[in-house]
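One structure is given here, and the rest of the page talks about it.
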Amino acid sequence: MYIIQIASECAPVIKAGGLGDVVYGLSRELENRGHTVEIILPKYDCMRYDHIWGLHMAYQDLYVPWYDGRIHCSVYCGWVHGRLCFFIEPHSQDSFFDRGYYYGSNDDTMRFAFFSKAALEFMQQSNKRPDVIHCHDWQTGLVPVLLYEIYQWHGMAYQRVCYTIHNFKHQGIAGLNILQATGLHRPEYYFEYDRLRDNFNPFALNFMKGGIVYSNFVTTVSPHHAWEAHYGEFGYGLGHTLHQHQHKFGGVLNGIDTDFWNPEIDRYIPYHYSKDDLEGKAKNKKALRERLWLSHEDKPIVAFIGRLDDQKGVHLVHHAVYYALHRNAQFVLLGSATEEGLNNWFWHEKNHLNNNPNVHLEIGFNEELSHLIYAGADMIVVPSNYEPCGLTQMIGLKYGTVPIVRGVGGLVNTVFDRDYDQTHLPEERNGYVFYQTDNRALESAMDRAIGLWNYYPDEFEKLVIQGMNYDYSWNYPGKDYLGIYEYIRHK
Ligand code: ADP
């Protein structure tokens, strides 16, 4: 099969969060299974060019219709750790992708509407006719709309679209001008409720809703989150739309790329180890302490890695730092804040705790350091408010770092409480789960984890190994996505 992924991220060259990991990891798995995969991305000025091999101009003059004129673009091509990627660079005064960051402009909807249009125009003009186009999140929600309404009449009648939603909270809410810019026009048609009209704001169009309505299949990134989005509050207003399209909606758990996330071969950690020999993990713990100036004492290290964002349960993260110290454990936090208030808050805490040898707060994004933390820590907390899938707990399991999670979204599908899980045998359990959003709930789970580490080290090691036994690689999800592709291809 020939598959093209269209996305706003692809790890490690463009990564703001899990989306980038998924686009890369899934593509690699599909290729390993003998399929042809290409990835179309924006050419941001701030992406990690050091991760692209052989970048060269592939298509010099791509003219993309935009409003009443057209924008001249160039398309570059290069390999990102073996994956063939095309990067679209528009030459216009808008500087859509030359802003020094990936997201966060007032005109983000315009930027990614343009990217969606340009990606289709590129495929059309360069004669790329994949069996399946797989697009991701609100940034590419307009791809199936444009394909169905415009490009199928320009030689792309047989392409099918799988649309994956990684985060329902950001949906791409825009006004009328998007229709004029992209050449869709006809507001009376698109402002119908069963097309793109936002379910709550009657004056707005919703990209993600367009993605759901127009795609041949829609997935979100875990079965439990599919249920939550459909029936609960986490669809952020799209529950009704999902309900109308439930026959083509499902959850597929993300995987982790085990070439990249694997303590046996990880090139960012000083000591390799496996579940049969955990000595290397202890040495990495020492290395982590040395790197972050933590004291060398007989204590567990609890970690948090993730965006400092309301979604991630920042108040509980904050509480976890102090509670770990209170329970005589150490804490390492690696987090990047997207919002100034949260950034200031954690910088304040960092200054406040600066001289404490049992805690380190690292504010910012640091891929290399994240690997050492996964390898060196004993436990990782994921107290999210909502979590469509969550990769950090799966990476933690792979690295023998016991997850302490809140029972929401994909965390429910991947972490099974050592003491209370009803659906798994004791030898299949792999972490700790709590449900409420208050401090006490988190404390009780942390108590149990830290208690086991302190008083029953052999039992703790057993739990570590049970977690490492889980296969959360792309193996199963890769098969699931291929099943979906086959299904929509023959519809
Ligand atoms: P989300 O996509 O909601 O941000 P996920 O758990 O799905 O969360 O994916 C997070 C990914 O980003 C993981 O690979 C994690 O290691 C990485 N990550 C998150 N924050 C940081 C950071 N500050 N520095 C390095 N890596 C990070």
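We name chains A, B, ... following the order of the structure tokens; residues begin at 1 in each chain, and ligands are numbered from 1 as shown.
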Practice item. Go through the chains and note each residue within 10 Å of ligand 1, using only C-alpha atoms and all ligand atoms, then give the set as a ChimeraX atom specification. Key: /A:11-12,15-22,166-167,221,254,256-257,261,304-309,311-312,333-337,362-371,373-374,382,384,386-396,410-411
Practice item. Mind listing the helix (DSSP H, G or I) residues of range 85-330 of chain A, per DSSP on the backbone, as a PyMOL selection string? Key: chain A and resi 108-125+138-140+142-149+151-154+177-182+187-190+207-214+223-231+233-235+239-244+246-248+279-292+310-312+314-326
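Of the listed residues (A:Lys479, A:Lys491, A:His136, A:Arg48), A:Lys479 comes nearest to Glu29 in chain A; the distances count only C-alpha atoms.
If you count only C-alpha atoms and ignore residues fewer than 4 places along the chain from Thr401 in chain A, what sits within 6 Å of it is Asp378, Met379, Gly396 and Leu397 of chain A.
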Practice item. Per DSSP on the backbone, filter range 194-274 of chain A down to the residues in strand (DSSP E or B) and report them as JSON, numbers by chain. Key: {"A": [197, 205, 206, 217, 218, 219, 220, 249, 250, 251, 256, 274]}
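Atom pair CA of Ile301 in chain A / CA of Ser473 in chain A has a distance of 25.4 Å (rounded to one decimal).
Atom to atom, CA of His490 in chain A and CA of Pro130 in chain A stand 13.8 Å apart.
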**Study point:** Counting only C-alpha atoms, the residue of A:Asp298, A:Glu228, A:Asp108, A:Glu121 that sits nearest Phe207 in chain A
**Key:** A:Asp108
